[in-house]
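Just structure-v1.pdb here, PDB, C-alpha atoms, pLDDT in the B column:
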```pdb
MODEL        1
ATOM      1  CA  GLU A  99       0.000   0.000   0.000  1.00 42.00           C
ATOM      2  CA  LYS A 100       1.499   3.323  -1.007  1.00 48.00           C
ATOM      3  CA  GLN A 101       2.358   6.192   1.290  1.00 49.00           C
ATOM      4  CA  SER A 102      -0.269   8.779   2.202  1.00 46.00           C
ATOM      5  CA  LYS A 103       0.460  12.397   1.243  1.00 55.00           C
ATOM      6  CA  LYS A 104       1.734  15.070   3.662  1.00 72.00           C
ATOM      7  CA  ILE A 105       2.877  12.874   6.500  1.00 82.00           C
ATOM      8  CA  SER A 106       4.623  14.803   9.265  1.00 89.00           C
ATOM      9  CA  ARG A 107       8.409  14.243   9.478  1.00 93.00           C
ATOM     10  CA  ARG A 108       8.100  12.784  12.973  1.00 94.00           C
ATOM     11  CA  ALA A 109       5.494  10.267  11.794  1.00 95.00           C
ATOM     12  CA  GLY A 110       7.572   9.399   8.725  1.00 94.00           C
ATOM     13  CA  LYS A 111      10.696   8.784  10.796  1.00 96.00           C
ATOM     14  CA  ALA A 112       8.817   6.592  13.274  1.00 96.00           C
ATOM     15  CA  PHE A 113       7.312   4.611  10.376  1.00 96.00           C
ATOM     16  CA  LEU A 114      10.772   3.985   8.875  1.00 95.00           C
ATOM     17  CA  LYS A 115      12.126   2.848  12.248  1.00 96.00           C
ATOM     18  CA  ALA A 116       9.147   0.488  12.574  1.00 96.00           C
ATOM     19  CA  SER A 117       9.912  -0.993   9.144  1.00 95.00           C
ATOM     20  CA  LYS A 118      13.546  -1.581  10.140  1.00 96.00           C
ATOM     21  CA  GLU A 119      12.510  -3.319  13.383  1.00 95.00           C
ATOM     22  CA  ALA A 120       9.964  -5.430  11.496  1.00 95.00           C
ATOM     23  CA  THR A 121      12.658  -6.533   9.033  1.00 95.00           C
ATOM     24  CA  LYS A 122      14.741  -7.746  11.996  1.00 95.00           C
ATOM     25  CA  GLY A 123      11.693  -9.631  13.324  1.00 94.00           C
ATOM     26  CA  ASN A 124      11.185  -7.287  16.300  1.00 94.00           C
ATOM     27  CA  ARG A 125       7.402  -6.994  16.050  1.00 96.00           C
ATOM     28  CA  LEU A 126       6.898  -5.497  19.516  1.00 96.00           C
ATOM     29  CA  ARG A 127       9.399  -2.705  18.883  1.00 96.00           C
ATOM     30  CA  ALA A 128       7.883  -2.117  15.449  1.00 97.00           C
ATOM     31  CA  ILE A 129       4.476  -1.729  17.136  1.00 97.00           C
ATOM     32  CA  GLU A 130       5.839   0.926  19.520  1.00 97.00           C
ATOM     33  CA  TYR A 131       7.208   2.976  16.599  1.00 97.00           C
ATOM     34  CA  LEU A 132       3.956   2.582  14.644  1.00 97.00           C
ATOM     35  CA  LYS A 133       1.999   3.838  17.665  1.00 97.00           C
ATOM     36  CA  SER A 134       4.243   6.932  17.691  1.00 97.00           C
ATOM     37  CA  ALA A 135       3.645   7.350  13.958  1.00 97.00           C
ATOM     38  CA  VAL A 136      -0.160   7.425  14.307  1.00 97.00           C
ATOM     39  CA  GLU A 137       0.081   9.753  17.314  1.00 96.00           C
ATOM     40  CA  ALA A 138       2.098  12.166  15.205  1.00 95.00           C
ATOM     41  CA  TYR A 139      -0.166  11.734  12.156  1.00 96.00           C
ATOM     42  CA  PRO A 140      -3.640  10.325  12.955  1.00 94.00           C
ATOM     43  CA  ASN A 141      -4.569   9.697   9.282  1.00 95.00           C
ATOM     44  CA  PHE A 142      -1.572   7.448   8.624  1.00 96.00           C
ATOM     45  CA  PHE A 143      -3.197   4.535   6.767  1.00 97.00           C
ATOM     46  CA  GLU A 144      -0.013   2.485   6.290  1.00 97.00           C
ATOM     47  CA  ALA A 145       0.888   2.702   9.983  1.00 97.00           C
ATOM     48  CA  TYR A 146      -2.566   1.475  11.069  1.00 98.00           C
ATOM     49  CA  TYR A 147      -2.465  -1.282   8.451  1.00 98.00           C
ATOM     50  CA  ASN A 148       0.984  -2.472   9.589  1.00 97.00           C
ATOM     51  CA  LEU A 149      -0.149  -2.362  13.225  1.00 98.00           C
ATOM     52  CA  GLY A 150      -2.977  -4.676  12.204  1.00 98.00           C
ATOM     53  CA  VAL A 151      -0.564  -7.049  10.475  1.00 97.00           C
ATOM     54  CA  HIS A 152       1.752  -7.215  13.511  1.00 97.00           C
ATOM     55  CA  TYR A 153      -1.070  -7.681  16.032  1.00 98.00           C
ATOM     56  CA  GLN A 154      -2.614 -10.365  13.797  1.00 97.00           C
ATOM     57  CA  ALA A 155       0.721 -12.198  13.631  1.00 96.00           C
ATOM     58  CA  LEU A 156       0.953 -11.989  17.447  1.00 96.00           C
ATOM     59  CA  LYS A 157      -2.644 -13.322  17.734  1.00 96.00           C
ATOM     60  CA  GLN A 158      -3.714 -10.150  19.566  1.00 97.00           C
ATOM     61  CA  TRP A 159      -7.062 -10.214  17.797  1.00 97.00           C
ATOM     62  CA  GLY A 160      -8.809  -7.321  19.558  1.00 97.00           C
ATOM     63  CA  LYS A 161      -5.941  -4.929  18.859  1.00 98.00           C
ATOM     64  CA  ALA A 162      -5.616  -6.196  15.274  1.00 98.00           C
ATOM     65  CA  VAL A 163      -9.342  -5.590  14.652  1.00 98.00           C
ATOM     66  CA  GLN A 164      -9.068  -2.082  16.091  1.00 98.00           C
ATOM     67  CA  ALA A 165      -6.009  -1.254  13.942  1.00 98.00           C
ATOM     68  CA  TYR A 166      -7.630  -2.525  10.723  1.00 98.00           C
ATOM     69  CA  ARG A 167     -10.832  -0.620  11.514  1.00 98.00           C
ATOM     70  CA  GLN A 168      -8.766   2.561  11.912  1.00 98.00           C
ATOM     71  CA  ALA A 169      -6.980   1.846   8.619  1.00 98.00           C
ATOM     72  CA  ILE A 170     -10.351   1.380   6.876  1.00 97.00           C
ATOM     73  CA  ALA A 171     -11.697   4.581   8.451  1.00 97.00           C
ATOM     74  CA  VAL A 172      -8.826   6.423   6.723  1.00 96.00           C
ATOM     75  CA  ARG A 173      -9.046   4.510   3.441  1.00 95.00           C
ATOM     76  CA  GLN A 174     -12.293   2.622   2.947  1.00 92.00           C
ATOM     77  CA  GLN A 175     -11.163   1.199  -0.383  1.00 92.00           C
ATOM     78  CA  SER A 176      -8.299  -0.862   1.021  1.00 96.00           C
ATOM     79  CA  ALA A 177      -8.866  -4.414  -0.224  1.00 97.00           C
ATOM     80  CA  LYS A 178      -6.074  -5.809   1.980  1.00 97.00           C
ATOM     81  CA  ALA A 179      -7.215  -4.223   5.248  1.00 98.00           C
ATOM     82  CA  ASN A 180     -10.808  -5.378   4.642  1.00 98.00           C
ATOM     83  CA  PHE A 181      -9.639  -8.878   3.709  1.00 98.00           C
ATOM     84  CA  ASN A 182      -7.401  -9.231   6.786  1.00 98.00           C
ATOM     85  CA  LEU A 183     -10.183  -7.997   9.055  1.00 98.00           C
ATOM     86  CA  GLY A 184     -12.543 -10.502   7.410  1.00 98.00           C
ATOM     87  CA  ASP A 185      -9.993 -13.249   7.998  1.00 98.00           C
ATOM     88  CA  ILE A 186      -9.947 -12.543  11.761  1.00 98.00           C
ATOM     89  CA  PHE A 187     -13.778 -12.580  11.941  1.00 98.00           C
ATOM     90  CA  HIS A 188     -13.849 -15.776   9.871  1.00 98.00           C
ATOM     91  CA  ASN A 189     -11.460 -17.552  12.260  1.00 96.00           C
ATOM     92  CA  GLN A 190     -13.692 -16.480  15.146  1.00 96.00           C
ATOM     93  CA  GLY A 191     -16.728 -18.037  13.444  1.00 96.00           C
ATOM     94  CA  ARG A 192     -18.319 -14.612  12.828  1.00 97.00           C
ATOM     95  CA  PHE A 193     -19.285 -15.498   9.251  1.00 97.00           C
ATOM     96  CA  ASP A 194     -21.642 -12.569   8.533  1.00 98.00           C
ATOM     97  CA  GLN A 195     -19.056  -9.995   9.586  1.00 98.00           C
ATOM     98  CA  ALA A 196     -16.351 -11.849   7.655  1.00 98.00           C
ATOM     99  CA  ILE A 197     -18.496 -11.916   4.494  1.00 98.00           C
ATOM    100  CA  GLU A 198     -19.223  -8.190   4.817  1.00 98.00           C
ATOM    101  CA  ARG A 199     -15.455  -7.480   4.854  1.00 98.00           C
ATOM    102  CA  TYR A 200     -14.639  -9.881   2.001  1.00 98.00           C
ATOM    103  CA  LEU A 201     -17.327  -8.286  -0.179  1.00 98.00           C
ATOM    104  CA  GLN A 202     -15.951  -4.827   0.665  1.00 97.00           C
ATOM    105  CA  ALA A 203     -12.478  -6.044  -0.373  1.00 98.00           C
ATOM    106  CA  LEU A 204     -13.917  -7.394  -3.650  1.00 98.00           C
ATOM    107  CA  GLU A 205     -15.677  -4.098  -4.316  1.00 97.00           C
ATOM    108  CA  SER A 206     -12.245  -2.437  -4.254  1.00 96.00           C
ATOM    109  CA  ASP A 207     -10.490  -5.270  -6.112  1.00 97.00           C
ATOM    110  CA  PRO A 208     -12.847  -7.589  -8.068  1.00 97.00           C
ATOM    111  CA  ASP A 209      -9.920  -9.835  -9.096  1.00 97.00           C
ATOM    112  CA  PHE A 210      -8.770 -10.580  -5.523  1.00 98.00           C
ATOM    113  CA  ALA A 211      -8.789 -14.389  -5.806  1.00 98.00           C
ATOM    114  CA  GLU A 212      -8.126 -15.061  -2.091  1.00 98.00           C
ATOM    115  CA  ALA A 213     -11.095 -12.866  -1.137  1.00 98.00           C
ATOM    116  CA  HIS A 214     -13.344 -14.806  -3.538  1.00 98.00           C
ATOM    117  CA  GLN A 215     -12.132 -18.081  -2.032  1.00 98.00           C
ATOM    118  CA  ALA A 216     -12.594 -16.868   1.558  1.00 98.00           C
ATOM    119  CA  ALA A 217     -16.077 -15.477   0.795  1.00 98.00           C
ATOM    120  CA  GLY A 218     -16.977 -18.770  -0.908  1.00 98.00           C
ATOM    121  CA  GLU A 219     -15.810 -20.725   2.135  1.00 98.00           C
ATOM    122  CA  ALA A 220     -17.820 -18.515   4.523  1.00 98.00           C
ATOM    123  CA  PHE A 221     -20.969 -18.803   2.365  1.00 98.00           C
ATOM    124  CA  PHE A 222     -20.415 -22.592   2.227  1.00 98.00           C
ATOM    125  CA  GLN A 223     -20.190 -22.684   6.027  1.00 97.00           C
ATOM    126  CA  LYS A 224     -23.499 -20.791   6.175  1.00 97.00           C
ATOM    127  CA  LYS A 225     -24.937 -23.370   3.698  1.00 97.00           C
ATOM    128  CA  HIS A 226     -25.541 -20.671   1.060  1.00 98.00           C
ATOM    129  CA  TYR A 227     -24.288 -23.012  -1.626  1.00 97.00           C
ATOM    130  CA  TYR A 228     -25.361 -21.068  -4.708  1.00 97.00           C
ATOM    131  CA  THR A 229     -23.507 -17.889  -3.692  1.00 98.00           C
ATOM    132  CA  ALA A 230     -20.563 -19.945  -2.412  1.00 98.00           C
ATOM    133  CA  GLU A 231     -20.293 -21.656  -5.788  1.00 97.00           C
ATOM    134  CA  GLN A 232     -20.130 -18.338  -7.658  1.00 98.00           C
ATOM    135  CA  HIS A 233     -17.249 -17.027  -5.528  1.00 98.00           C
ATOM    136  CA  LEU A 234     -15.350 -20.336  -5.519  1.00 98.00           C
ATOM    137  CA  GLU A 235     -15.699 -20.702  -9.275  1.00 97.00           C
ATOM    138  CA  THR A 236     -14.340 -17.169  -9.778  1.00 98.00           C
ATOM    139  CA  ALA A 237     -11.400 -17.936  -7.444  1.00 98.00           C
ATOM    140  CA  THR A 238     -10.437 -21.036  -9.469  1.00 96.00           C
ATOM    141  CA  ARG A 239     -10.618 -19.047 -12.705  1.00 95.00           C
ATOM    142  CA  LEU A 240      -8.490 -16.172 -11.385  1.00 97.00           C
ATOM    143  CA  SER A 241      -5.786 -18.281  -9.724  1.00 95.00           C
ATOM    144  CA  PRO A 242      -6.136 -22.044 -10.372  1.00 91.00           C
ATOM    145  CA  ALA A 243      -2.681 -22.842  -8.949  1.00 91.00           C
ATOM    146  CA  ASN A 244      -3.477 -21.469  -5.456  1.00 92.00           C
ATOM    147  CA  MET A 245      -7.122 -22.377  -4.966  1.00 94.00           C
ATOM    148  CA  LYS A 246      -7.123 -25.997  -3.756  1.00 94.00           C
ATOM    149  CA  LEU A 247      -9.719 -25.206  -1.108  1.00 95.00           C
ATOM    150  CA  SER A 248     -12.035 -23.728  -3.757  1.00 97.00           C
ATOM    151  CA  PHE A 249     -11.787 -26.797  -5.977  1.00 96.00           C
ATOM    152  CA  GLY A 250     -12.479 -29.082  -3.014  1.00 95.00           C
ATOM    153  CA  LEU A 251     -15.523 -27.093  -1.883  1.00 97.00           C
ATOM    154  CA  LEU A 252     -16.879 -26.882  -5.445  1.00 97.00           C
ATOM    155  CA  VAL A 253     -16.774 -30.687  -5.678  1.00 96.00           C
ATOM    156  CA  LYS A 254     -18.504 -30.992  -2.281  1.00 95.00           C
ATOM    157  CA  ILE A 255     -21.282 -28.614  -3.363  1.00 97.00           C
ATOM    158  CA  GLN A 256     -21.926 -30.717  -6.501  1.00 95.00           C
ATOM    159  CA  LEU A 257     -22.019 -33.894  -4.391  1.00 92.00           C
ATOM    160  CA  LEU A 258     -24.571 -32.257  -2.070  1.00 93.00           C
ATOM    161  CA  LYS A 259     -26.661 -31.506  -5.171  1.00 92.00           C
ATOM    162  CA  ASN A 260     -26.144 -35.088  -6.445  1.00 90.00           C
ATOM    163  CA  ASP A 261     -24.649 -33.646  -9.631  1.00 91.00           C
ATOM    164  CA  TRP A 262     -21.977 -36.262 -10.426  1.00 89.00           C
ATOM    165  CA  THR A 263     -21.164 -34.849 -13.880  1.00 92.00           C
ATOM    166  CA  GLN A 264     -20.366 -31.402 -12.522  1.00 94.00           C
ATOM    167  CA  ALA A 265     -18.514 -32.901  -9.524  1.00 94.00           C
ATOM    168  CA  GLN A 266     -16.364 -34.898 -11.952  1.00 95.00           C
ATOM    169  CA  TYR A 267     -15.731 -31.744 -14.004  1.00 95.00           C
ATOM    170  CA  TYR A 268     -14.356 -29.918 -10.944  1.00 95.00           C
ATOM    171  CA  VAL A 269     -12.233 -32.899  -9.851  1.00 95.00           C
ATOM    172  CA  ASP A 270     -10.715 -32.967 -13.363  1.00 95.00           C
ATOM    173  CA  GLN A 271     -10.001 -29.221 -13.097  1.00 94.00           C
ATOM    174  CA  PHE A 272      -8.543 -29.759  -9.610  1.00 94.00           C
ATOM    175  CA  LEU A 273      -6.204 -32.520 -10.843  1.00 94.00           C
ATOM    176  CA  ARG A 274      -5.201 -30.459 -13.873  1.00 93.00           C
ATOM    177  CA  SER A 275      -3.894 -27.708 -11.559  1.00 90.00           C
ATOM    178  CA  HIS A 276      -2.700 -30.061  -8.778  1.00 90.00           C
ATOM    179  CA  ALA A 277      -1.722 -33.455 -10.190  1.00 90.00           C
ATOM    180  CA  ASN A 278      -2.007 -36.331  -7.664  1.00 90.00           C
ATOM    181  CA  ASP A 279      -3.264 -34.039  -4.901  1.00 93.00           C
ATOM    182  CA  PRO A 280      -4.485 -36.376  -2.084  1.00 95.00           C
ATOM    183  CA  VAL A 281      -7.636 -34.293  -1.462  1.00 94.00           C
ATOM    184  CA  ALA A 282      -8.559 -34.436  -5.160  1.00 94.00           C
ATOM    185  CA  LEU A 283      -7.850 -38.183  -5.318  1.00 94.00           C
ATOM    186  CA  ASN A 284     -10.078 -38.777  -2.257  1.00 94.00           C
ATOM    187  CA  LEU A 285     -12.881 -36.756  -3.830  1.00 94.00           C
ATOM    188  CA  GLN A 286     -12.470 -38.819  -7.012  1.00 94.00           C
ATOM    189  CA  LYS A 287     -12.915 -42.009  -4.943  1.00 93.00           C
ATOM    190  CA  GLU A 288     -16.044 -40.538  -3.360  1.00 90.00           C
ATOM    191  CA  ILE A 289     -17.530 -39.765  -6.792  1.00 90.00           C
ATOM    192  CA  ASP A 290     -16.658 -43.254  -8.100  1.00 90.00           C
ATOM    193  CA  LYS A 291     -18.223 -44.886  -5.050  1.00 87.00           C
ATOM    194  CA  MET A 292     -21.409 -42.822  -5.355  1.00 82.00           C
ATOM    195  CA  SER A 293     -21.811 -43.434  -9.070  1.00 79.00           C
ATOM    196  CA  VAL A 294     -21.391 -47.212  -8.506  1.00 80.00           C
ATOM    197  CA  GLU A 295     -24.026 -47.087  -5.748  1.00 76.00           C
ATOM    198  CA  LYS A 296     -26.321 -45.154  -8.085  1.00 72.00           C
ATOM    199  CA  LYS A 297     -25.944 -47.800 -10.814  1.00 71.00           C
ATOM    200  CA  LEU A 298     -26.546 -50.593  -8.302  1.00 75.00           C
ATOM    201  CA  GLY A 299     -29.470 -48.760  -6.742  1.00 66.00           C
ATOM    202  CA  PRO A 300     -33.132 -49.829  -6.969  1.00 64.00           C
TER     203      PRO A 300
ENDMDL
END
```
In structure tokens, what does this structure look like?
Amino acid sequence: EKQSKKISRRAGKAFLKASKEATKGNRLRAIEYLKSAVEAYPNFFEAYYNLGVHYQALKQWGKAVQAYRQAIAVRQQSAKANFNLGDIFHNQGRFDQAIERYLQALESDPDFAEAHQAAGEAFFQKKHYYTAEQHLETATRLSPANMKLSFGLLVKIQLLKNDWTQAQYYVDQFLRSHANDPVALNLQKEIDKMSVEKKLGP
């Protein structure tokens, strides 16, 4: 995320010191400098965003949420800040709040594959399969190499709908991007077993 305009010198210096500490792996010291940066310049988006990242890494969820909310208050259109905030809510099982953030991230960046995948997963967990499928499908189109979870969930949705043909289609896509992936191979076995049972059925 690029620098905001007209940052005070004191805030800028503190931000640079924070970056140096972060590079050395000193998250706690980086946080102290970032706090000084936002005190000196309260609209410092990058400083709030980085505070969120550090708190999230340290599993200090409440502080991370607060920092991301402050970042979003300064720059509503930040796809990354919205996505990271959604990720925290998602891990806490707060699916509606997570979805709200993922959709906000996608409004700013419609090609954000990870946000499509995460939104698809949250909708799947809420059993909103139709909407889940749309997001997951988009994720696999945008970034097939990184979307194993999306492929897996797409197959599961088809199996829930008893649509073997479409389930097979997604397993083939999955294996094309991830040859011999154990999850894909297990899903293939599930489809084979179900189609045999169907043929042997009454």
Run the PyMOL selection byres ((chain A and resi 247-263) around 8) mentally over the shown coordinates, then write out the matched residues as a list in words, using the chain letters and numbers from the document.
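With the PyMOL selection byres ((chain A and resi 247-263) around 8) on this model, the match is Gln215, Gly218, Glu219, Phe222, Tyr227, Glu231, Leu234, Glu235, Ala237, Thr238, Met245, Lys246, Gln264, Ala265, Gln266, Tyr267, Tyr268, Val269, Gln271, Phe272, Val281, Ala282, Leu285, Ile289 and Ser293 of chain A.
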I would like the residues chosen by the PyMOL selection byres ((chain A and resi 120) around 12) on the shown file; could you give them as a list of chain:residue names?
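Taken over the shown coordinates, the PyMOL selection byres ((chain A and resi 120) around 12) returns A:Phe113, A:Leu114, A:Lys115, A:Ala116, A:Ser117, A:Lys118, A:Glu119, A:Thr121, A:Lys122, A:Gly123, A:Asn124, A:Arg125, A:Leu126, A:Arg127, A:Ala128, A:Ile129, A:Glu130, A:Tyr131, A:Leu132, A:Asn148, A:Leu149, A:Val151, A:His152, A:Ala155.
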Using the chain letters and numbers from this file, what does the PyMOL selection byres ((chain A and resi 180) around 10) select? Give the answer as a PyMOL selection string.
chain A and resi 166-167+169-170+174-179+181-185+196+198-204+206+213
Excluding A:Gly110 and its own-chain neighbours fewer than 5 positions away, which residues fall within 9 Å of it when counting only C-alpha atoms? Please give them as JSON, numbers by chain.
{"A": [105, 115, 135, 138, 139]}
What is the atom CA of A:Glu137 to atom CA of A:Lys157 distance in Å?
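Interatomic distance here is 23.2 Å.
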Just how far from atom CA of A:His233 is atom CA of A:Pro208, in Å to one decimal?
10.7 Å
For A:Ala220, which residue out of A:Asn141, A:Ser134, A:Gln164, A:Gln195 is the nearest one, using all atoms listed in the file?
A:Gln195
For atom CA of A:Ala109 and atom CA of A:Val136, the interatomic separation in Å (one decimal)
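Taking atom CA of A:Ala109 and atom CA of A:Val136, their separation equals 6.8 Å.
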